[in-house]
$ cat data25.cif   # mmCIF, C-alpha atoms
data_my_file
loop_
_atom_site.label_atom_id
_atom_site.label_comp_id
_atom_site.auth_asym_id
_atom_site.auth_seq_id
_atom_site.Cartn_x
_atom_site.Cartn_y
_atom_site.Cartn_z
CA MET J 19 119.00 107.21 97.06
CA LYS J 20 118.77 107.65 93.32
CA LYS J 21 120.32 110.76 91.80
CA ALA J 22 119.28 112.07 88.41
CA THR J 23 122.69 113.67 87.92
CA PHE J 24 124.20 110.20 87.97
CA LEU J 25 122.73 109.47 84.55
CA LEU J 26 124.66 112.25 82.89
CA LEU J 27 127.86 111.37 84.67
CA LEU J 28 127.61 107.73 83.65
CA LEU J 29 127.41 108.69 80.01
CA ALA J 30 130.47 110.91 80.10
CA PRO J 31 134.00 109.44 79.85
CA PHE J 32 136.12 110.22 82.88
CA ALA J 33 139.87 110.51 83.10
CA GLY J 34 141.79 110.26 86.33
CA GLN J 35 139.06 108.70 88.47
CA ALA J 36 139.65 109.24 92.19
CA GLN J 37 140.43 106.10 94.15
CA VAL J 38 137.65 104.97 96.49
CA HIS J 39 138.66 104.11 100.06
CA LEU J 40 136.57 102.58 102.85
CA GLU J 41 137.05 103.47 106.53
CA LYS J 42 135.37 101.23 109.10
CA LEU J 43 132.99 103.08 111.43
CA TRP J 44 131.28 100.40 113.49
CA GLU J 45 130.10 96.81 113.58
CA THR J 46 127.10 95.36 115.40
CA ASP J 47 127.60 92.55 117.89
CA THR J 48 126.60 89.03 116.92
CA THR J 49 123.88 88.45 119.49
CA GLN J 50 120.76 89.79 117.76
CA LEU J 51 121.20 89.44 113.99
CA ARG J 52 120.87 85.99 112.44
CA THR J 53 122.34 85.42 108.98
CA PRO J 54 121.74 89.01 107.83
CA GLU J 55 121.47 89.02 104.04
CA SER J 56 120.40 92.51 103.02
CA VAL J 57 120.57 96.08 104.37
CA LEU J 58 118.23 98.83 103.20
CA TRP J 59 118.74 102.46 104.24
CA ASP J 60 115.47 104.37 104.64
CA PRO J 61 116.07 108.14 104.51
CA SER J 62 112.50 108.85 105.66
CA SER J 63 112.83 107.10 109.02
CA LYS J 64 116.63 107.43 109.25
CA SER J 65 116.72 103.72 109.99
CA LEU J 66 118.22 100.58 108.49
CA TYR J 67 116.13 97.53 107.64
CA ILE J 68 117.99 94.22 107.92
CA SER J 69 116.69 90.94 106.49
CA ASN J 70 117.64 87.95 108.66
CA ILE J 71 117.49 84.46 107.18
CA ASP J 72 118.18 82.74 110.52
CA GLY J 73 118.78 79.34 108.95
CA LYS J 74 119.48 77.87 105.54
CA PRO J 75 119.32 80.34 102.63
CA TRP J 76 116.65 78.49 100.65
CA GLU J 77 114.65 76.70 103.34
CA ALA J 78 111.03 77.47 104.22
CA ASP J 79 111.34 77.19 107.99
CA GLY J 80 109.36 80.25 109.14
CA LYS J 81 112.32 81.59 111.13
CA GLY J 82 113.15 84.64 109.00
CA PHE J 83 112.62 88.18 110.27
CA ILE J 84 113.40 91.86 109.65
CA SER J 85 115.34 93.99 112.16
CA THR J 86 115.64 97.77 112.37
CA LEU J 87 118.85 99.55 113.28
CA ALA J 88 119.65 103.17 114.02
CA GLN J 89 122.26 104.77 111.79
CA ASN J 90 124.88 104.32 114.51
CA GLY J 91 124.36 100.56 114.51
CA VAL J 92 122.21 100.30 117.64
CA VAL J 93 119.47 97.72 117.23
CA GLN J 94 116.08 99.44 117.51
CA THR J 95 113.81 96.42 117.11
CA ALA J 96 115.45 93.02 116.74
CA GLN J 97 112.35 91.36 115.30
CA TRP J 98 110.39 94.21 113.75
CA ALA J 99 108.67 91.90 111.24
CA THR J 100 108.34 88.13 111.59
CA GLY J 101 106.59 85.29 109.77
CA LEU J 102 109.14 85.06 106.95
CA ASN J 103 111.23 82.13 105.73
CA ALA J 104 114.56 83.20 104.24
CA PRO J 105 114.17 86.94 103.50
CA LYS J 106 116.69 88.58 101.22
CA GLY J 107 116.51 91.78 99.12
CA MET J 108 114.14 94.62 100.03
CA GLY J 109 112.63 97.76 98.56
CA ILE J 110 110.32 100.52 99.77
CA SER J 111 107.40 101.82 97.71
CA LYS J 112 104.30 103.76 98.73
CA GLY J 113 104.56 103.10 102.46
CA LYS J 114 105.30 99.40 102.12
CA LEU J 115 108.40 97.25 102.43
CA TYR J 116 108.70 94.56 99.76
CA VAL J 117 110.85 91.56 100.70
CA ALA J 118 112.02 88.69 98.48
CA ASP J 119 111.26 85.51 100.42
CA LEU J 120 111.91 82.26 98.52
CA ALA J 121 109.07 81.97 95.95
CA GLU J 122 107.09 84.91 97.32
CA VAL J 123 107.39 88.65 97.85
CA ALA J 124 106.15 89.70 101.26
CA VAL J 125 104.46 93.11 101.47
CA ILE J 126 104.93 94.70 104.90
CA ASP J 127 103.29 97.82 106.35
CA LEU J 128 106.08 100.25 107.27
CA ARG J 129 104.03 101.71 110.13
CA THR J 130 103.34 98.45 111.93
CA GLY J 131 105.77 95.82 110.64
CA LYS J 132 102.82 93.55 109.84
CA ILE J 133 102.75 91.42 106.71
CA LEU J 134 99.83 92.61 104.60
CA ARG J 135 100.03 89.93 101.92
CA LYS J 136 102.41 87.69 100.01
CA ILE J 137 102.65 87.73 96.22
CA ALA J 138 103.87 84.59 94.43
CA PRO J 139 105.06 85.15 90.84
CA GLU J 140 104.16 82.19 88.64
CA GLY J 141 107.12 79.83 88.29
CA ALA J 142 109.27 81.63 90.87
CA LYS J 143 111.75 79.52 92.82
CA ASN J 144 114.60 81.48 94.42
CA LEU J 145 113.65 85.17 94.54
CA ASN J 146 116.67 87.16 95.62
CA ASP J 147 116.80 90.94 95.26
CA VAL J 148 114.26 93.73 94.94
CA ALA J 149 114.35 97.08 93.15
CA VAL J 150 111.77 99.85 92.95
CA GLY J 151 111.14 101.18 89.45
CA PRO J 152 110.55 104.80 88.40
CA ASP J 153 106.78 104.37 88.72
CA GLY J 154 106.91 102.58 92.06
CA ASP J 155 106.56 99.10 90.54
CA ILE J 156 108.57 96.30 92.16
CA TYR J 157 111.18 94.28 90.28
CA VAL J 158 112.60 91.06 91.71
CA THR J 159 115.28 88.66 90.49
CA ASP J 160 114.98 84.87 90.55
CA SER J 161 118.41 83.28 90.90
CA ALA J 162 117.13 79.82 89.95
CA THR J 163 115.43 80.67 86.67
CA SER J 164 117.36 83.59 85.09
CA ARG J 165 114.17 85.63 85.34
CA ILE J 166 113.18 89.07 86.50
CA TYR J 167 109.57 89.63 87.57
CA VAL J 168 107.68 92.89 87.94
CA ILE J 169 104.92 93.47 90.47
CA LYS J 170 102.30 96.07 89.64
CA GLY J 171 99.81 96.48 92.44
CA ASN J 172 99.00 92.95 93.56
CA LYS J 173 99.87 91.28 90.26
CA ALA J 174 103.23 89.77 89.33
CA GLU J 175 104.28 89.09 85.77
CA LEU J 176 107.42 88.07 83.92
CA TYR J 177 109.52 91.06 82.90
CA LEU J 178 112.67 89.45 81.49
CA GLU J 179 114.13 85.98 81.01
CA ASN J 180 117.65 85.69 79.62
CA ALA J 181 119.98 82.70 79.97
CA GLU J 182 123.01 85.01 79.63
CA ILE J 183 122.38 86.08 83.21
CA GLN J 184 123.36 83.06 85.29
CA ARG J 185 121.75 83.29 88.72
CA PRO J 186 120.66 86.95 88.59
CA ASN J 187 120.96 88.46 92.04
CA GLY J 188 121.44 92.20 92.52
CA ILE J 189 119.02 94.52 90.76
CA ARG J 190 118.80 98.30 90.87
CA TRP J 191 117.02 101.13 89.10
CA VAL J 192 119.02 104.35 88.77
CA GLY J 193 116.68 106.96 87.37
CA LYS J 194 115.16 105.27 84.33
CA ARG J 195 117.97 102.76 83.87
CA LEU J 196 117.93 99.19 85.15
CA PHE J 197 121.03 97.27 86.23
CA VAL J 198 121.47 93.60 87.12
CA PHE J 199 124.33 91.75 88.84
CA ASP J 200 124.93 88.09 87.98
CA ALA J 201 125.94 85.74 90.83
CA GLY J 202 126.97 82.95 88.45
CA LYS J 203 129.47 84.30 85.93
CA GLY J 204 129.81 87.58 87.80
CA GLY J 205 128.67 89.89 85.04
CA PHE J 206 127.21 93.34 85.64
CA TYR J 207 124.65 94.45 83.07
CA GLU J 208 122.45 97.31 82.02
CA VAL J 209 119.06 96.22 80.70
CA ASN J 210 118.29 98.19 77.55
CA ALA J 211 114.86 99.53 76.65
CA ASP J 212 114.30 96.53 74.31
CA LYS J 213 115.33 94.22 77.21
CA SER J 214 118.60 93.26 75.58
CA LEU J 215 121.68 93.32 77.82
CA LYS J 216 124.72 95.55 77.81
CA LYS J 217 127.61 94.09 79.79
CA LEU J 218 129.41 96.76 81.83
CA ALA J 219 131.82 94.51 83.79
CA GLU J 220 132.58 90.85 84.35
CA GLY J 221 134.68 88.44 86.41
CA MET J 222 132.89 88.92 89.76
CA PRO J 223 131.44 85.52 90.77
CA SER J 224 128.93 85.56 93.65
CA GLY J 225 127.76 89.02 92.57
CA ASP J 226 125.26 90.42 95.04
CA GLY J 227 124.54 94.07 95.94
CA ILE J 228 124.45 97.18 93.73
CA GLU J 229 124.74 100.76 95.00
CA PRO J 230 125.30 103.83 92.79
CA LEU J 231 128.20 105.98 93.95
CA GLY J 232 128.41 109.34 92.20
CA ASP J 233 129.61 108.51 88.70
CA GLY J 234 129.92 104.75 89.24
CA PHE J 235 128.86 101.84 91.42
CA LEU J 236 129.80 99.92 94.51
CA LEU J 237 129.31 96.20 93.82
CA SER J 238 129.42 93.55 96.52
CA ARG J 239 130.21 89.88 96.11
CA TRP J 240 128.77 87.46 98.65
CA ALA J 241 132.16 85.76 99.01
CA GLY J 242 133.47 88.80 100.93
CA ILE J 243 134.66 91.33 98.34
CA VAL J 244 133.48 94.80 97.33
CA HIS J 245 134.43 96.50 94.05
CA HIS J 246 134.13 100.02 92.72
CA LEU J 247 133.16 100.35 89.07
CA SER J 248 133.93 103.79 87.66
CA ALA J 249 132.03 105.44 84.83
CA ASP J 250 134.86 104.67 82.41
CA GLY J 251 134.60 100.95 83.19
CA LYS J 252 137.55 100.61 85.57
CA LEU J 253 136.91 97.90 88.14
CA THR J 254 138.80 98.20 91.43
CA GLN J 255 138.63 96.00 94.52
CA VAL J 256 138.11 98.22 97.56
CA LEU J 257 137.42 95.69 100.32
CA ASP J 258 138.29 92.06 101.02
CA LEU J 259 136.88 90.41 104.15
CA THR J 260 137.55 86.82 103.12
CA ALA J 261 140.46 86.43 105.54
CA GLU J 262 138.09 87.45 108.37
CA LYS J 263 135.57 84.88 107.13
CA LYS J 264 132.96 87.57 106.64
CA ASN J 265 130.62 87.74 103.69
CA THR J 266 129.60 90.90 101.89
CA ALA J 267 126.01 90.23 100.88
CA ASP J 268 123.37 92.73 99.70
CA ILE J 269 124.79 96.12 100.68
CA GLY J 270 122.97 99.33 101.61
CA PHE J 271 124.16 102.91 101.19
CA ASP J 272 123.38 106.38 102.51
CA PRO J 273 124.39 108.67 99.61
CA GLN J 274 124.20 111.87 101.67
CA LYS J 275 126.60 110.75 104.39
CA ARG J 276 128.39 108.33 102.04
CA ILE J 277 128.11 105.42 104.46
CA LEU J 278 128.16 101.85 103.16
CA TYR J 279 126.40 99.14 105.18
CA ILE J 280 127.47 95.53 104.74
CA PRO J 281 125.57 92.47 106.01
CA THR J 282 128.15 89.80 106.81
CA PHE J 283 125.74 86.85 106.48
CA ASN J 284 127.48 83.93 108.24
CA ALA J 285 129.30 86.33 110.61
CA ASN J 286 125.93 87.59 111.97
CA SER J 287 126.71 91.31 111.93
CA VAL J 288 126.37 94.51 109.93
CA VAL J 289 129.45 96.65 109.33
CA ALA J 290 129.41 100.34 108.41
CA TYR J 291 132.12 102.02 106.34
CA GLN J 292 132.70 105.66 105.49
CA VAL J 293 133.30 105.97 101.76
CA HIS J 294 136.09 108.40 100.85
#
$ encode --input "data25.cif" --output "structure tokens"
Amino acid sequence: MKKATFLLLLLAPFAGQAQVHLEKLWETDTTQLRTPESVLWDPSSKSLYISNIDGKPWEADGKGFISTLAQNGVVQTAQWATGLNAPKGMGISKGKLYVADLAEVAVIDLRTGKILRKIAPEGAKNLNDVAVGPDGDIYVTDSATSRIYVIKGNKAELYLENAEIQRPNGIRWVGKRLFVFDAGKGGFYEVNADKSLKKLAEGMPSGDGIEPLGDGFLLSRWAGIVHHLSADGKLTQVLDLTAEKKNTADIGFDPQKRILYIPTFNANSVVAYQVH
């Protein structure tokens, strides 16, 4: 899902960026998914992993689970992994699925769907999104503390704490570059090598998912809006589902087929869009 060529494109100024358009392909019914928060496309299995909160977003009620979907939207296993509370962002590394779940990161065996262990970063409160680094390490945002943690093996440690990021949510590595999306003020940042921040865009409250798209990004806002950010910094709204009372939480993307997957949270469905 990460393309090395993207790094060069991002550095180059672009004139006459092509407009991005979304064409709806399908939507799941509302009978099997329960407050879906995040979608992760797995090119190895050709499946989608869906985190289901099934309750209040920050409540430890033991009701959360992970579903698997085929790429056409058919539910493969409604409750592939259980024993979670309010699962949100996910990432795959070395045969394991890492899931942000309140103050813990659950480590799940991809072969069996069984939880192998749970890792609790010290001081964590509201872990939200997960990204896999260049070396396979796991990075996770904490929306309550303005922190980013890194998990190396079975050990979690603080990676970054910066009050400029209010309620950090979306996080994504693209090659060797790290990006963070702020749910509070709605800023989108690159984290520099010295851990200072470079603001790339702003004005997107309830910032959530990050997906690289060629020379730019698709950025989702939980409130029900998706933007395209081009390499030259132009921010364009490409989808608004607020009138349909559907959220656009932590999106997933298949870069080969250019299909965007949107978990609608309170609407209890996942919607797929062809990106043109």
$ residues_around --input "data25.cif" --residues "Gln97 (chain J)" --least-positions-apart "3" --cutoff "7 Å" --atoms "all atoms listed in the file" --output "PyMOL selection string"
chain J and resi 83-85+100
$ resolve_selection --input "data25.cif" --expression "the PyMOL selection byres ((chain J and resi 37-40) around 7)" --output "list in words"
Gln35, Ala36, Glu41, Lys42, Val256, Tyr291, Gln292, Val293 and His294 of chain J
$ closest_residue --input "data25.cif" --among "J:Leu145, J:Val288, J:Val209, J:Ala261" --to "Pro54 (chain J)" --atoms "only C-alpha atoms"
J:Val288
$ closest_residue --input "data25.cif" --among "J:Ala249, J:Val289, J:Ile133, J:Ile166" --to "Ala219 (chain J)" --atoms "all atoms listed in the file"
J:Ala249
$ resolve_selection --input "data25.cif" --expression "the PyMOL selection byres ((chain J and resi 155) around 12)" --output "PDB file with C-alpha atoms, keeping the file's coordinate frame"
ATOM      1  CA  GLY J 109     112.630  97.760  98.560  1.00  0.00           C
ATOM      2  CA  ILE J 110     110.320 100.520  99.770  1.00  0.00           C
ATOM      3  CA  SER J 111     107.400 101.820  97.710  1.00  0.00           C
ATOM      4  CA  LYS J 112     104.300 103.760  98.730  1.00  0.00           C
ATOM      5  CA  LYS J 114     105.300  99.400 102.120  1.00  0.00           C
ATOM      6  CA  TYR J 116     108.700  94.560  99.760  1.00  0.00           C
ATOM      7  CA  VAL J 148     114.260  93.730  94.940  1.00  0.00           C
ATOM      8  CA  ALA J 149     114.350  97.080  93.150  1.00  0.00           C
ATOM      9  CA  VAL J 150     111.770  99.850  92.950  1.00  0.00           C
ATOM     10  CA  GLY J 151     111.140 101.180  89.450  1.00  0.00           C
ATOM     11  CA  PRO J 152     110.550 104.800  88.400  1.00  0.00           C
ATOM     12  CA  ASP J 153     106.780 104.370  88.720  1.00  0.00           C
ATOM     13  CA  GLY J 154     106.910 102.580  92.060  1.00  0.00           C
ATOM     14  CA  ILE J 156     108.570  96.300  92.160  1.00  0.00           C
ATOM     15  CA  TYR J 157     111.180  94.280  90.280  1.00  0.00           C
ATOM     16  CA  VAL J 158     112.600  91.060  91.710  1.00  0.00           C
ATOM     17  CA  TYR J 167     109.570  89.630  87.570  1.00  0.00           C
ATOM     18  CA  VAL J 168     107.680  92.890  87.940  1.00  0.00           C
ATOM     19  CA  ILE J 169     104.920  93.470  90.470  1.00  0.00           C
ATOM     20  CA  LYS J 170     102.300  96.070  89.640  1.00  0.00           C
ATOM     21  CA  GLY J 171      99.810  96.480  92.440  1.00  0.00           C
ATOM     22  CA  ASN J 172      99.000  92.950  93.560  1.00  0.00           C
ATOM     23  CA  LYS J 173      99.870  91.280  90.260  1.00  0.00           C
ATOM     24  CA  ALA J 174     103.230  89.770  89.330  1.00  0.00           C
ATOM     25  CA  GLU J 175     104.280  89.090  85.770  1.00  0.00           C
ATOM     26  CA  TYR J 177     109.520  91.060  82.900  1.00  0.00           C
ATOM     27  CA  TRP J 191     117.020 101.130  89.100  1.00  0.00           C
TER      28      TRP J 191
END
$ atom_distance --input "data25.cif" --atom1 "CA of Gly242 (chain J)" --atom2 "CA of Gly188 (chain J)"
15.1 Å
$ resolve_selection --input "data25.cif" --expression "the PyMOL selection byres ((chain J and resi 128) around 6)" --output "PyMOL selection string"
chain J and resi 113-114+127+129-131
$ atom_distance --input "data25.cif" --atom1 "CA of Asn286 (chain J)" --atom2 "CA of Lys74 (chain J)"
13.3 Å
$ atom_distance --input "data25.cif" --atom1 "CA of Phe206 (chain J)" --atom2 "CA of Phe271 (chain J)"
18.5 Å
$ residues_around --input "data25.cif" --residues "Asn284 (chain J)" --least-positions-apart "2" --cutoff "12 Å" --atoms "all atoms listed in the file" --output "PDB file with C-alpha atoms, keeping the file's coordinate frame"
ATOM      1  CA  THR J  48     126.600  89.030 116.920  1.00  0.00           C
ATOM      2  CA  LEU J  51     121.200  89.440 113.990  1.00  0.00           C
ATOM      3  CA  ARG J  52     120.870  85.990 112.440  1.00  0.00           C
ATOM      4  CA  THR J  53     122.340  85.420 108.980  1.00  0.00           C
ATOM      5  CA  PRO J  54     121.740  89.010 107.830  1.00  0.00           C
ATOM      6  CA  GLU J  55     121.470  89.020 104.040  1.00  0.00           C
ATOM      7  CA  ASN J  70     117.640  87.950 108.660  1.00  0.00           C
ATOM      8  CA  ILE J  71     117.490  84.460 107.180  1.00  0.00           C
ATOM      9  CA  ASP J  72     118.180  82.740 110.520  1.00  0.00           C
ATOM     10  CA  GLY J  73     118.780  79.340 108.950  1.00  0.00           C
ATOM     11  CA  LYS J  74     119.480  77.870 105.540  1.00  0.00           C
ATOM     12  CA  PRO J  75     119.320  80.340 102.630  1.00  0.00           C
ATOM     13  CA  TRP J 240     128.770  87.460  98.650  1.00  0.00           C
ATOM     14  CA  ALA J 241     132.160  85.760  99.010  1.00  0.00           C
ATOM     15  CA  GLY J 242     133.470  88.800 100.930  1.00  0.00           C
ATOM     16  CA  THR J 260     137.550  86.820 103.120  1.00  0.00           C
ATOM     17  CA  GLU J 262     138.090  87.450 108.370  1.00  0.00           C
ATOM     18  CA  LYS J 263     135.570  84.880 107.130  1.00  0.00           C
ATOM     19  CA  LYS J 264     132.960  87.570 106.640  1.00  0.00           C
ATOM     20  CA  ASN J 265     130.620  87.740 103.690  1.00  0.00           C
ATOM     21  CA  THR J 266     129.600  90.900 101.890  1.00  0.00           C
ATOM     22  CA  ALA J 267     126.010  90.230 100.880  1.00  0.00           C
ATOM     23  CA  PRO J 281     125.570  92.470 106.010  1.00  0.00           C
ATOM     24  CA  THR J 282     128.150  89.800 106.810  1.00  0.00           C
ATOM     25  CA  ASN J 286     125.930  87.590 111.970  1.00  0.00           C
ATOM     26  CA  SER J 287     126.710  91.310 111.930  1.00  0.00           C
ATOM     27  CA  VAL J 288     126.370  94.510 109.930  1.00  0.00           C
TER      28      VAL J 288
END
$ closest_residue --input "data25.cif" --among "J:Asn180, J:Asn210, J:Ser161, J:Thr86" --to "Ser65 (chain J)" --atoms "only C-alpha atoms"
J:Thr86
$ residues_around --input "data25.cif" --residues "Thr163 (chain J)" --least-positions-apart "4" --cutoff "12 Å" --atoms "only C-alpha atoms" --output "PDB file with C-alpha atoms, in the coordinates of the input"
ATOM      1  CA  ALA J 121     109.070  81.970  95.950  1.00  0.00           C
ATOM      2  CA  GLU J 140     104.160  82.190  88.640  1.00  0.00           C
ATOM      3  CA  GLY J 141     107.120  79.830  88.290  1.00  0.00           C
ATOM      4  CA  ALA J 142     109.270  81.630  90.870  1.00  0.00           C
ATOM      5  CA  LYS J 143     111.750  79.520  92.820  1.00  0.00           C
ATOM      6  CA  ASN J 144     114.600  81.480  94.420  1.00  0.00           C
ATOM      7  CA  LEU J 145     113.650  85.170  94.540  1.00  0.00           C
ATOM      8  CA  ASN J 146     116.670  87.160  95.620  1.00  0.00           C
ATOM      9  CA  VAL J 158     112.600  91.060  91.710  1.00  0.00           C
ATOM     10  CA  THR J 159     115.280  88.660  90.490  1.00  0.00           C
ATOM     11  CA  TYR J 167     109.570  89.630  87.570  1.00  0.00           C
ATOM     12  CA  LEU J 176     107.420  88.070  83.920  1.00  0.00           C
ATOM     13  CA  LEU J 178     112.670  89.450  81.490  1.00  0.00           C
ATOM     14  CA  GLU J 179     114.130  85.980  81.010  1.00  0.00           C
ATOM     15  CA  ASN J 180     117.650  85.690  79.620  1.00  0.00           C
ATOM     16  CA  ALA J 181     119.980  82.700  79.970  1.00  0.00           C
ATOM     17  CA  GLU J 182     123.010  85.010  79.630  1.00  0.00           C
ATOM     18  CA  ILE J 183     122.380  86.080  83.210  1.00  0.00           C
ATOM     19  CA  GLN J 184     123.360  83.060  85.290  1.00  0.00           C
ATOM     20  CA  ARG J 185     121.750  83.290  88.720  1.00  0.00           C
ATOM     21  CA  PRO J 186     120.660  86.950  88.590  1.00  0.00           C
ATOM     22  CA  ASN J 187     120.960  88.460  92.040  1.00  0.00           C
ATOM     23  CA  GLY J 202     126.970  82.950  88.450  1.00  0.00           C
TER      24      GLY J 202
END
$ residues_around --input "data25.cif" --residues "Asp60 (chain J)" --least-positions-apart "3" --cutoff "9 Å" --atoms "all atoms listed in the file" --output "mmCIF file with C-alpha atoms, keeping the file's coordinate frame"
data_model
loop_
_atom_site.group_PDB
_atom_site.id
_atom_site.type_symbol
_atom_site.label_atom_id
_atom_site.label_comp_id
_atom_site.auth_asym_id
_atom_site.auth_seq_id
_atom_site.Cartn_x
_atom_site.Cartn_y
_atom_site.Cartn_z
ATOM 1 C CA MET J 19 119.000 107.210 97.060
ATOM 2 C CA SER J 63 112.830 107.100 109.020
ATOM 3 C CA LYS J 64 116.630 107.430 109.250
ATOM 4 C CA SER J 65 116.720 103.720 109.990
ATOM 5 C CA LEU J 66 118.220 100.580 108.490
ATOM 6 C CA TYR J 67 116.130 97.530 107.640
ATOM 7 C CA ILE J 110 110.320 100.520 99.770
ATOM 8 C CA ASP J 272 123.380 106.380 102.510
#
$ closest_residue --input "data25.cif" --among "J:Ala124, J:Asp147, J:Gly91, J:Met222" --to "His246 (chain J)" --atoms "only C-alpha atoms"
J:Met222
$ closest_residue --input "data25.cif" --among "J:Leu134, J:Leu87, J:Ala78, J:Ala290" --to "Leu120 (chain J)" --atoms "only C-alpha atoms"
J:Ala78
$ closest_residue --input "data25.cif" --among "J:Pro230, J:Thr46, J:Ile243, J:Ser214" --to "Arg276 (chain J)" --atoms "all atoms listed in the file"
J:Pro230
